[in-house]
$ cat coords-v7.pdb   # PDB, C-alpha atoms
ATOM      1  CA  SER A   1     -29.651  18.241  -7.692  1.00  0.00           C
ATOM      2  CA  GLN A   2     -27.247  16.641  -5.281  1.00  0.00           C
ATOM      3  CA  THR A   3     -24.810  18.649  -3.211  1.00  0.00           C
ATOM      4  CA  ILE A   4     -22.135  17.777  -0.689  1.00  0.00           C
ATOM      5  CA  HIS A   5     -20.723  20.116   1.885  1.00  0.00           C
ATOM      6  CA  GLN A   6     -17.993  19.616   4.450  1.00  0.00           C
ATOM      7  CA  TRP A   7     -16.578  21.862   7.130  1.00  0.00           C
ATOM      8  CA  PRO A   8     -14.513  23.455   8.409  1.00  0.00           C
ATOM      9  CA  ALA A   9     -12.479  24.317   5.316  1.00  0.00           C
ATOM     10  CA  THR A  10      -9.238  24.891   7.204  1.00  0.00           C
ATOM     11  CA  LEU A  11      -8.110  24.359  10.748  1.00  0.00           C
ATOM     12  CA  VAL A  12      -4.909  24.457  12.737  1.00  0.00           C
ATOM     13  CA  GLN A  13      -4.837  22.251  15.802  1.00  0.00           C
ATOM     14  CA  PRO A  14      -2.207  21.442  18.441  1.00  0.00           C
ATOM     15  CA  VAL A  15      -0.958  17.907  18.941  1.00  0.00           C
ATOM     16  CA  GLY A  16      -3.177  16.032  21.371  1.00  0.00           C
ATOM     17  CA  SER A  17      -6.284  18.088  20.697  1.00  0.00           C
ATOM     18  CA  PRO A  18      -9.569  16.563  19.439  1.00  0.00           C
ATOM     19  CA  LEU A  19     -10.908  16.780  15.902  1.00  0.00           C
ATOM     20  CA  SER A  20     -14.332  16.792  14.337  1.00  0.00           C
ATOM     21  CA  LEU A  21     -14.956  17.167  10.607  1.00  0.00           C
ATOM     22  CA  GLU A  22     -18.498  17.057   9.338  1.00  0.00           C
ATOM     23  CA  CYS A  23     -19.927  16.228   5.935  1.00  0.00           C
ATOM     24  CA  THR A  24     -23.519  16.353   4.721  1.00  0.00           C
ATOM     25  CA  VAL A  25     -25.113  15.331   1.443  1.00  0.00           C
ATOM     26  CA  GLU A  26     -28.356  16.698   0.025  1.00  0.00           C
ATOM     27  CA  GLY A  27     -30.544  15.563  -2.826  1.00  0.00           C
ATOM     28  CA  THR A  28     -29.953  11.824  -2.615  1.00  0.00           C
ATOM     29  CA  SER A  29     -30.814   9.000  -0.256  1.00  0.00           C
ATOM     30  CA  ASN A  30     -28.824   6.055   1.075  1.00  0.00           C
ATOM     31  CA  PRO A  31     -25.553   7.088  -0.576  1.00  0.00           C
ATOM     32  CA  ASN A  32     -22.217   5.421  -0.048  1.00  0.00           C
ATOM     33  CA  LEU A  33     -20.058   7.824   1.958  1.00  0.00           C
ATOM     34  CA  TYR A  34     -16.276   8.052   2.126  1.00  0.00           C
ATOM     35  CA  TRP A  35     -13.503   9.839   3.976  1.00  0.00           C
ATOM     36  CA  TYR A  36     -10.162  10.184   2.215  1.00  0.00           C
ATOM     37  CA  ARG A  37      -6.948  11.831   3.306  1.00  0.00           C
ATOM     38  CA  GLN A  38      -4.366  13.349   0.995  1.00  0.00           C
ATOM     39  CA  ALA A  39      -0.877  14.308   2.135  1.00  0.00           C
ATOM     40  CA  ALA A  40       0.773  17.169   0.255  1.00  0.00           C
ATOM     41  CA  GLY A  41       1.618  16.112  -3.294  1.00  0.00           C
ATOM     42  CA  ARG A  42       0.396  12.586  -2.722  1.00  0.00           C
ATOM     43  CA  GLY A  43      -2.495  10.307  -3.629  1.00  0.00           C
ATOM     44  CA  LEU A  44      -5.811   9.774  -1.870  1.00  0.00           C
ATOM     45  CA  GLN A  45      -5.822   7.322   1.007  1.00  0.00           C
ATOM     46  CA  LEU A  46      -9.190   5.773   1.844  1.00  0.00           C
ATOM     47  CA  LEU A  47      -9.840   6.099   5.580  1.00  0.00           C
ATOM     48  CA  PHE A  48     -13.481   5.106   6.053  1.00  0.00           C
ATOM     49  CA  TYR A  49     -16.266   3.812   3.891  1.00  0.00           C
ATOM     50  CA  SER A  50     -19.954   3.563   4.791  1.00  0.00           C
ATOM     51  CA  ILE A  51     -22.852   1.864   3.015  1.00  0.00           C
ATOM     52  CA  GLY A  52     -25.488   2.903   5.558  1.00  0.00           C
ATOM     53  CA  ILE A  53     -26.252   4.302   8.994  1.00  0.00           C
ATOM     54  CA  ASP A  54     -23.854   2.841  11.566  1.00  0.00           C
ATOM     55  CA  GLN A  55     -22.280   0.651   8.854  1.00  0.00           C
ATOM     56  CA  ILE A  56     -18.701   1.854   8.595  1.00  0.00           C
ATOM     57  CA  SER A  57     -15.594   0.089   7.371  1.00  0.00           C
ATOM     58  CA  SER A  58     -12.226   1.293   8.639  1.00  0.00           C
ATOM     59  CA  GLU A  59      -9.530   0.909   6.038  1.00  0.00           C
ATOM     60  CA  VAL A  60      -6.416   2.030   7.864  1.00  0.00           C
ATOM     61  CA  PRO A  61      -5.596   1.483  11.563  1.00  0.00           C
ATOM     62  CA  GLN A  62      -5.078   4.884  13.148  1.00  0.00           C
ATOM     63  CA  ASN A  63      -6.306   7.209  15.833  1.00  0.00           C
ATOM     64  CA  LEU A  64      -9.224   8.418  13.718  1.00  0.00           C
ATOM     65  CA  SER A  65     -12.832   7.268  13.868  1.00  0.00           C
ATOM     66  CA  ALA A  66     -15.943   7.896  11.800  1.00  0.00           C
ATOM     67  CA  SER A  67     -19.644   7.922  12.531  1.00  0.00           C
ATOM     68  CA  ARG A  68     -22.779   8.123  10.434  1.00  0.00           C
ATOM     69  CA  PRO A  69     -25.590   9.155  12.772  1.00  0.00           C
ATOM     70  CA  GLN A  70     -27.958   9.997   9.905  1.00  0.00           C
ATOM     71  CA  ASP A  71     -28.300   8.730   6.354  1.00  0.00           C
ATOM     72  CA  ARG A  72     -26.625  11.762   4.789  1.00  0.00           C
ATOM     73  CA  GLN A  73     -24.250  12.823   7.546  1.00  0.00           C
ATOM     74  CA  PHE A  74     -20.697  11.543   7.962  1.00  0.00           C
ATOM     75  CA  ILE A  75     -18.382  12.675  10.742  1.00  0.00           C
ATOM     76  CA  LEU A  76     -14.637  12.144  11.114  1.00  0.00           C
ATOM     77  CA  SER A  77     -13.232  12.414  14.622  1.00  0.00           C
ATOM     78  CA  SER A  78     -10.139  12.022  16.706  1.00  0.00           C
ATOM     79  CA  LYS A  79      -9.674  12.211  20.456  1.00  0.00           C
ATOM     80  CA  LYS A  80      -5.987  13.145  20.239  1.00  0.00           C
ATOM     81  CA  LEU A  81      -4.378  14.428  17.062  1.00  0.00           C
ATOM     82  CA  LEU A  82      -0.886  13.442  15.972  1.00  0.00           C
ATOM     83  CA  LEU A  83       1.490  15.422  13.778  1.00  0.00           C
ATOM     84  CA  SER A  84       1.031  12.773  11.095  1.00  0.00           C
ATOM     85  CA  ASP A  85      -2.696  13.559  10.930  1.00  0.00           C
ATOM     86  CA  SER A  86      -1.972  16.744   8.986  1.00  0.00           C
ATOM     87  CA  GLY A  87      -3.382  16.669   5.468  1.00  0.00           C
ATOM     88  CA  PHE A  88      -6.257  17.431   3.176  1.00  0.00           C
ATOM     89  CA  TYR A  89      -9.386  15.533   4.200  1.00  0.00           C
ATOM     90  CA  LEU A  90     -12.007  14.840   1.594  1.00  0.00           C
ATOM     91  CA  CYS A  91     -15.531  13.583   2.072  1.00  0.00           C
ATOM     92  CA  ALA A  92     -17.269  11.998  -0.918  1.00  0.00           C
ATOM     93  CA  TRP A  93     -20.487  10.231  -1.828  1.00  0.00           C
ATOM     94  CA  SER A  94     -21.506   7.876  -4.603  1.00  0.00           C
ATOM     95  CA  ASP A  95     -24.504   6.019  -5.884  1.00  0.00           C
ATOM     96  CA  ARG A  96     -24.176   2.242  -5.626  1.00  0.00           C
ATOM     97  CA  GLY A  97     -22.470   0.372  -8.397  1.00  0.00           C
ATOM     98  CA  THR A  98     -20.790   3.307 -10.107  1.00  0.00           C
ATOM     99  CA  GLY A  99     -17.217   4.499 -10.182  1.00  0.00           C
ATOM    100  CA  GLU A 100     -18.220   8.123  -9.826  1.00  0.00           C
ATOM    101  CA  LEU A 101     -17.473   9.856  -6.558  1.00  0.00           C
ATOM    102  CA  PHE A 102     -18.642  13.372  -5.780  1.00  0.00           C
ATOM    103  CA  PHE A 103     -16.240  15.156  -3.481  1.00  0.00           C
ATOM    104  CA  GLY A 104     -16.776  17.910  -0.968  1.00  0.00           C
ATOM    105  CA  GLU A 105     -14.614  20.999  -0.957  1.00  0.00           C
ATOM    106  CA  GLY A 106     -12.093  19.445   1.428  1.00  0.00           C
ATOM    107  CA  SER A 107     -10.804  20.325   4.889  1.00  0.00           C
ATOM    108  CA  ARG A 108      -7.155  21.254   5.248  1.00  0.00           C
ATOM    109  CA  LEU A 109      -5.830  20.225   8.674  1.00  0.00           C
ATOM    110  CA  THR A 110      -2.495  21.335  10.064  1.00  0.00           C
ATOM    111  CA  VAL A 111      -1.391  19.768  13.338  1.00  0.00           C
ATOM    112  CA  LEU A 112       1.350  21.695  15.145  1.00  0.00           C
TER     113      LEU A 112
ATOM    114  CA  GLY B   1      -5.163  -6.241  -1.767  1.00  0.00           C
ATOM    115  CA  GLN B   2      -5.361  -3.602  -4.440  1.00  0.00           C
ATOM    116  CA  SER B   3      -2.611  -1.501  -5.989  1.00  0.00           C
ATOM    117  CA  LEU B   4      -2.404   0.899  -8.892  1.00  0.00           C
ATOM    118  CA  GLU B   5       0.604   2.284 -10.732  1.00  0.00           C
ATOM    119  CA  GLN B   6       0.773   5.394 -12.862  1.00  0.00           C
ATOM    120  CA  PRO B   7       3.632   7.700 -13.867  1.00  0.00           C
ATOM    121  CA  SER B   8       4.400  10.439 -11.384  1.00  0.00           C
ATOM    122  CA  GLU B   9       4.755  13.248 -13.913  1.00  0.00           C
ATOM    123  CA  VAL B  10       4.111  14.004 -17.572  1.00  0.00           C
ATOM    124  CA  THR B  11       4.874  17.173 -19.512  1.00  0.00           C
ATOM    125  CA  ALA B  12       3.523  18.349 -22.854  1.00  0.00           C
ATOM    126  CA  VAL B  13       2.901  21.505 -24.871  1.00  0.00           C
ATOM    127  CA  GLU B  14      -0.365  23.172 -25.744  1.00  0.00           C
ATOM    128  CA  GLY B  15      -2.208  21.459 -28.583  1.00  0.00           C
ATOM    129  CA  ALA B  16      -0.409  18.156 -28.092  1.00  0.00           C
ATOM    130  CA  ILE B  17      -1.808  14.743 -27.141  1.00  0.00           C
ATOM    131  CA  VAL B  18      -0.790  12.985 -23.947  1.00  0.00           C
ATOM    132  CA  GLN B  19      -1.540   9.506 -22.636  1.00  0.00           C
ATOM    133  CA  ILE B  20      -1.474   8.628 -18.931  1.00  0.00           C
ATOM    134  CA  ASN B  21      -1.232   4.913 -18.232  1.00  0.00           C
ATOM    135  CA  CYS B  22      -2.530   2.994 -15.256  1.00  0.00           C
ATOM    136  CA  THR B  23      -1.907  -0.629 -14.343  1.00  0.00           C
ATOM    137  CA  TYR B  24      -3.716  -2.240 -11.475  1.00  0.00           C
ATOM    138  CA  GLN B  25      -3.843  -5.344  -9.320  1.00  0.00           C
ATOM    139  CA  THR B  26      -7.102  -6.051  -7.587  1.00  0.00           C
ATOM    140  CA  SER B  27      -9.094  -8.887  -6.106  1.00  0.00           C
ATOM    141  CA  GLY B  28     -12.288  -8.583  -8.120  1.00  0.00           C
ATOM    142  CA  PHE B  29     -12.937  -5.777 -10.570  1.00  0.00           C
ATOM    143  CA  TYR B  30     -15.928  -3.594 -11.293  1.00  0.00           C
ATOM    144  CA  GLY B  31     -14.361  -0.708 -13.177  1.00  0.00           C
ATOM    145  CA  LEU B  32     -11.641   1.878 -13.664  1.00  0.00           C
ATOM    146  CA  SER B  33     -12.255   5.582 -13.092  1.00  0.00           C
ATOM    147  CA  TRP B  34     -10.278   8.736 -13.814  1.00  0.00           C
ATOM    148  CA  TYR B  35     -10.262  11.950 -11.816  1.00  0.00           C
ATOM    149  CA  GLN B  36      -8.729  15.372 -12.294  1.00  0.00           C
ATOM    150  CA  GLN B  37      -7.489  17.501  -9.419  1.00  0.00           C
ATOM    151  CA  HIS B  38      -6.212  21.055  -9.680  1.00  0.00           C
ATOM    152  CA  ASP B  39      -3.863  22.344  -6.986  1.00  0.00           C
ATOM    153  CA  GLY B  40      -5.757  23.123  -3.800  1.00  0.00           C
ATOM    154  CA  GLY B  41      -9.025  21.709  -5.104  1.00  0.00           C
ATOM    155  CA  ALA B  42     -11.023  18.525  -4.773  1.00  0.00           C
ATOM    156  CA  PRO B  43     -10.889  15.765  -7.393  1.00  0.00           C
ATOM    157  CA  THR B  44     -13.532  15.814 -10.106  1.00  0.00           C
ATOM    158  CA  PHE B  45     -14.762  12.807 -12.038  1.00  0.00           C
ATOM    159  CA  LEU B  46     -13.709  12.416 -15.672  1.00  0.00           C
ATOM    160  CA  SER B  47     -14.672   8.932 -16.833  1.00  0.00           C
ATOM    161  CA  TYR B  48     -15.520   5.366 -15.889  1.00  0.00           C
ATOM    162  CA  ASN B  49     -14.800   2.155 -17.814  1.00  0.00           C
ATOM    163  CA  ALA B  50     -16.427  -1.083 -16.768  1.00  0.00           C
ATOM    164  CA  LEU B  51     -15.989  -2.850 -20.110  1.00  0.00           C
ATOM    165  CA  ASP B  52     -13.059  -3.178 -22.491  1.00  0.00           C
ATOM    166  CA  GLY B  53     -12.638  -0.467 -25.058  1.00  0.00           C
ATOM    167  CA  LEU B  54     -12.478   3.255 -25.520  1.00  0.00           C
ATOM    168  CA  GLU B  55     -14.864   5.795 -24.013  1.00  0.00           C
ATOM    169  CA  GLU B  56     -14.750   9.277 -25.487  1.00  0.00           C
ATOM    170  CA  THR B  57     -15.923  12.461 -23.795  1.00  0.00           C
ATOM    171  CA  GLY B  58     -14.944  15.560 -25.703  1.00  0.00           C
ATOM    172  CA  ARG B  59     -11.171  16.050 -25.661  1.00  0.00           C
ATOM    173  CA  PHE B  60     -10.719  13.262 -23.115  1.00  0.00           C
ATOM    174  CA  SER B  61     -10.898   9.528 -23.790  1.00  0.00           C
ATOM    175  CA  SER B  62     -10.364   6.572 -21.497  1.00  0.00           C
ATOM    176  CA  PHE B  63      -9.422   3.027 -22.424  1.00  0.00           C
ATOM    177  CA  LEU B  64      -9.638  -0.239 -20.521  1.00  0.00           C
ATOM    178  CA  SER B  65      -8.232  -3.708 -21.116  1.00  0.00           C
ATOM    179  CA  ARG B  66      -9.468  -6.020 -18.391  1.00  0.00           C
ATOM    180  CA  SER B  67      -7.322  -8.935 -19.560  1.00  0.00           C
ATOM    181  CA  ASP B  68      -4.182  -6.780 -19.223  1.00  0.00           C
ATOM    182  CA  SER B  69      -5.307  -5.008 -16.017  1.00  0.00           C
ATOM    183  CA  TYR B  70      -4.470  -1.811 -17.818  1.00  0.00           C
ATOM    184  CA  GLY B  71      -6.086   1.450 -18.768  1.00  0.00           C
ATOM    185  CA  TYR B  72      -5.163   4.886 -19.956  1.00  0.00           C
ATOM    186  CA  LEU B  73      -6.481   8.407 -20.123  1.00  0.00           C
ATOM    187  CA  LEU B  74      -5.925  10.235 -23.404  1.00  0.00           C
ATOM    188  CA  LEU B  75      -6.029  14.002 -23.453  1.00  0.00           C
ATOM    189  CA  GLN B  76      -6.157  15.703 -26.844  1.00  0.00           C
ATOM    190  CA  GLU B  77      -5.715  19.309 -27.929  1.00  0.00           C
ATOM    191  CA  LEU B  78      -4.076  20.100 -24.627  1.00  0.00           C
ATOM    192  CA  GLN B  79      -4.818  23.441 -23.032  1.00  0.00           C
ATOM    193  CA  MET B  80      -3.033  25.241 -20.221  1.00  0.00           C
ATOM    194  CA  LYS B  81      -6.021  24.616 -17.954  1.00  0.00           C
ATOM    195  CA  ASP B  82      -5.403  20.864 -18.287  1.00  0.00           C
ATOM    196  CA  SER B  83      -2.360  21.250 -16.017  1.00  0.00           C
ATOM    197  CA  ALA B  84      -3.424  19.236 -12.983  1.00  0.00           C
ATOM    198  CA  SER B  85      -2.992  15.891 -11.283  1.00  0.00           C
ATOM    199  CA  TYR B  86      -4.805  12.905 -12.755  1.00  0.00           C
ATOM    200  CA  PHE B  87      -5.730   9.847 -10.734  1.00  0.00           C
ATOM    201  CA  CYS B  88      -6.899   6.443 -11.807  1.00  0.00           C
ATOM    202  CA  ALA B  89      -9.057   4.521  -9.348  1.00  0.00           C
ATOM    203  CA  VAL B  90     -10.527   1.030  -9.191  1.00  0.00           C
ATOM    204  CA  ASN B  91     -13.419  -0.529  -7.384  1.00  0.00           C
ATOM    205  CA  GLY B  92     -12.898  -4.221  -6.866  1.00  0.00           C
ATOM    206  CA  ASN B  93     -15.607  -6.448  -5.461  1.00  0.00           C
ATOM    207  CA  THR B  94     -17.169  -3.641  -3.428  1.00  0.00           C
ATOM    208  CA  ASP B  95     -18.057   0.011  -3.931  1.00  0.00           C
ATOM    209  CA  LYS B  96     -14.828   1.098  -2.259  1.00  0.00           C
ATOM    210  CA  LEU B  97     -12.766   3.192  -4.630  1.00  0.00           C
ATOM    211  CA  ILE B  98      -8.989   2.862  -4.327  1.00  0.00           C
ATOM    212  CA  PHE B  99      -6.903   5.577  -5.952  1.00  0.00           C
ATOM    213  CA  GLY B 100      -3.530   5.500  -7.645  1.00  0.00           C
ATOM    214  CA  THR B 101      -0.723   7.822  -6.591  1.00  0.00           C
ATOM    215  CA  GLY B 102      -1.539  10.345  -9.300  1.00  0.00           C
ATOM    216  CA  THR B 103       0.170  11.769 -12.378  1.00  0.00           C
ATOM    217  CA  ARG B 104       1.047  15.432 -12.437  1.00  0.00           C
ATOM    218  CA  LEU B 105       0.538  16.879 -15.906  1.00  0.00           C
ATOM    219  CA  GLN B 106       2.272  20.121 -16.795  1.00  0.00           C
ATOM    220  CA  VAL B 107       1.250  21.815 -20.024  1.00  0.00           C
ATOM    221  CA  PHE B 108       3.628  24.395 -21.443  1.00  0.00           C
ATOM    222  CA  PRO B 109       2.837  27.139 -23.972  1.00  0.00           C
TER     223      PRO B 109
END
$ encode --input "coords-v7.pdb" --output "structure tokens"
Amino acid sequence: SQTIHQWPATLVQPVGSPLSLECTVEGTSNPNLYWYRQAAGRGLQLLFYSIGIDQISSEVPQNLSASRPQDRQFILSSKKLLLSDSGFYLCAWSDRGTGELFFGEGSRLTVL
Amino acid sequence: GQSLEQPSEVTAVEGAIVQINCTYQTSGFYGLSWYQQHDGGAPTFLSYNALDGLEETGRFSSFLSRSDSYGYLLLQELQMKDSASYFCAVNGNTDKLIFGTGTRLQVFP
């Protein structure tokens, strides 16, 4: 069966510090991969979308970046965090052509 | 671009039926999905409609009208555990899934 795991689950970072969130998927090959961000009490904002290794679409201009060094690994990074980067970050995968996303457990980031 | 609208909050009592509407504007359309999210948790998939009509899965049903750019999620025999946020989402002419702002459902005893 397929599983998705992301880490860390929670982190508190100072403004200007770097960020790295990692997500891995098991049990499937060549999935679509996604990073979403959710502010408290709000909807899910699509940040990055990838259909394959090194094929990443950035949806919102910001100080975040994403990389997909392996087929089932998706990394979200920042060189310098802003206060507005605080939120709940969700990694997800899907098979092609379906509307079903499978989400990781989420990473709650607080920037102080 | 793509946009989705759904009510921000709905309240109901246990055992009742509630309908959460979603209207969308999108360039290209593959399908409409629904997700449930409990506080502090990740969203979980409920249903997907690619064609017009009603899809039923247990107590939950989802409807789509492509000509009206409209869908709804119907929850029957409400239980306390159904209190959560519900999101509609569309994928247009790609596999990108764009989410609505969410509807918070509160079920009272």
$ interface_residues --input "coords-v7.pdb" --of "chain A" --to "chain B" --cutoff "12 Å" --atoms "all atoms listed in the file" --output "PDB file with C-alpha atoms, keeping the file's coordinate frame"
ATOM      1  CA  ILE A   4     -22.135  17.777  -0.689  1.00  0.00           C
ATOM      2  CA  HIS A   5     -20.723  20.116   1.885  1.00  0.00           C
ATOM      3  CA  GLN A   6     -17.993  19.616   4.450  1.00  0.00           C
ATOM      4  CA  ALA A   9     -12.479  24.317   5.316  1.00  0.00           C
ATOM      5  CA  THR A  10      -9.238  24.891   7.204  1.00  0.00           C
ATOM      6  CA  PRO A  31     -25.553   7.088  -0.576  1.00  0.00           C
ATOM      7  CA  ASN A  32     -22.217   5.421  -0.048  1.00  0.00           C
ATOM      8  CA  LEU A  33     -20.058   7.824   1.958  1.00  0.00           C
ATOM      9  CA  TYR A  34     -16.276   8.052   2.126  1.00  0.00           C
ATOM     10  CA  TRP A  35     -13.503   9.839   3.976  1.00  0.00           C
ATOM     11  CA  TYR A  36     -10.162  10.184   2.215  1.00  0.00           C
ATOM     12  CA  ARG A  37      -6.948  11.831   3.306  1.00  0.00           C
ATOM     13  CA  GLN A  38      -4.366  13.349   0.995  1.00  0.00           C
ATOM     14  CA  ALA A  39      -0.877  14.308   2.135  1.00  0.00           C
ATOM     15  CA  ALA A  40       0.773  17.169   0.255  1.00  0.00           C
ATOM     16  CA  GLY A  41       1.618  16.112  -3.294  1.00  0.00           C
ATOM     17  CA  ARG A  42       0.396  12.586  -2.722  1.00  0.00           C
ATOM     18  CA  GLY A  43      -2.495  10.307  -3.629  1.00  0.00           C
ATOM     19  CA  LEU A  44      -5.811   9.774  -1.870  1.00  0.00           C
ATOM     20  CA  GLN A  45      -5.822   7.322   1.007  1.00  0.00           C
ATOM     21  CA  LEU A  46      -9.190   5.773   1.844  1.00  0.00           C
ATOM     22  CA  LEU A  47      -9.840   6.099   5.580  1.00  0.00           C
ATOM     23  CA  PHE A  48     -13.481   5.106   6.053  1.00  0.00           C
ATOM     24  CA  TYR A  49     -16.266   3.812   3.891  1.00  0.00           C
ATOM     25  CA  SER A  50     -19.954   3.563   4.791  1.00  0.00           C
ATOM     26  CA  ILE A  51     -22.852   1.864   3.015  1.00  0.00           C
ATOM     27  CA  ILE A  56     -18.701   1.854   8.595  1.00  0.00           C
ATOM     28  CA  SER A  57     -15.594   0.089   7.371  1.00  0.00           C
ATOM     29  CA  SER A  58     -12.226   1.293   8.639  1.00  0.00           C
ATOM     30  CA  GLU A  59      -9.530   0.909   6.038  1.00  0.00           C
ATOM     31  CA  GLY A  87      -3.382  16.669   5.468  1.00  0.00           C
ATOM     32  CA  PHE A  88      -6.257  17.431   3.176  1.00  0.00           C
ATOM     33  CA  TYR A  89      -9.386  15.533   4.200  1.00  0.00           C
ATOM     34  CA  LEU A  90     -12.007  14.840   1.594  1.00  0.00           C
ATOM     35  CA  CYS A  91     -15.531  13.583   2.072  1.00  0.00           C
ATOM     36  CA  ALA A  92     -17.269  11.998  -0.918  1.00  0.00           C
ATOM     37  CA  TRP A  93     -20.487  10.231  -1.828  1.00  0.00           C
ATOM     38  CA  SER A  94     -21.506   7.876  -4.603  1.00  0.00           C
ATOM     39  CA  ASP A  95     -24.504   6.019  -5.884  1.00  0.00           C
ATOM     40  CA  ARG A  96     -24.176   2.242  -5.626  1.00  0.00           C
ATOM     41  CA  GLY A  97     -22.470   0.372  -8.397  1.00  0.00           C
ATOM     42  CA  THR A  98     -20.790   3.307 -10.107  1.00  0.00           C
ATOM     43  CA  GLY A  99     -17.217   4.499 -10.182  1.00  0.00           C
ATOM     44  CA  GLU A 100     -18.220   8.123  -9.826  1.00  0.00           C
ATOM     45  CA  LEU A 101     -17.473   9.856  -6.558  1.00  0.00           C
ATOM     46  CA  PHE A 102     -18.642  13.372  -5.780  1.00  0.00           C
ATOM     47  CA  PHE A 103     -16.240  15.156  -3.481  1.00  0.00           C
ATOM     48  CA  GLY A 104     -16.776  17.910  -0.968  1.00  0.00           C
ATOM     49  CA  GLU A 105     -14.614  20.999  -0.957  1.00  0.00           C
ATOM     50  CA  GLY A 106     -12.093  19.445   1.428  1.00  0.00           C
ATOM     51  CA  SER A 107     -10.804  20.325   4.889  1.00  0.00           C
ATOM     52  CA  ARG A 108      -7.155  21.254   5.248  1.00  0.00           C
TER      53      ARG A 108
END
$ resolve_selection --input "coords-v7.pdb" --expression "the PyMOL selection byres ((chain B and resi 22-27) around 8)" --output "number ranges by chain"
B: 1-7, 20-21, 28-29, 69-72, 88, 90, 92-93
$ atom_distance --input "coords-v7.pdb" --atom1 "CA of Thr110 in chain A" --atom2 "CA of Gln106 in chain B"
27.3 Å
$ closest_residue --input "coords-v7.pdb" --among "A:Asn63, A:Val25, A:Leu19, A:Leu109" --to "Ser86 in chain A" --atoms "only C-alpha atoms"
A:Leu109
$ closest_residue --input "coords-v7.pdb" --among "A:Gln55, A:Ser77, A:Ser65, A:Gln2" --to "Leu21 in chain A" --atoms "all atoms listed in the file"
A:Ser77
$ residues_around --input "coords-v7.pdb" --residues "Glu77 in chain B" --least-positions-apart "4" --cutoff "12 Å" --atoms "all atoms listed in the file" --output "list in words"
Ala12, Val13, Glu14, Gly15, Ala16, Ile17, Val18, Gln19, Gly58, Arg59, Phe60, Ser61, Lys81, Asp82 and Val107 of chain B
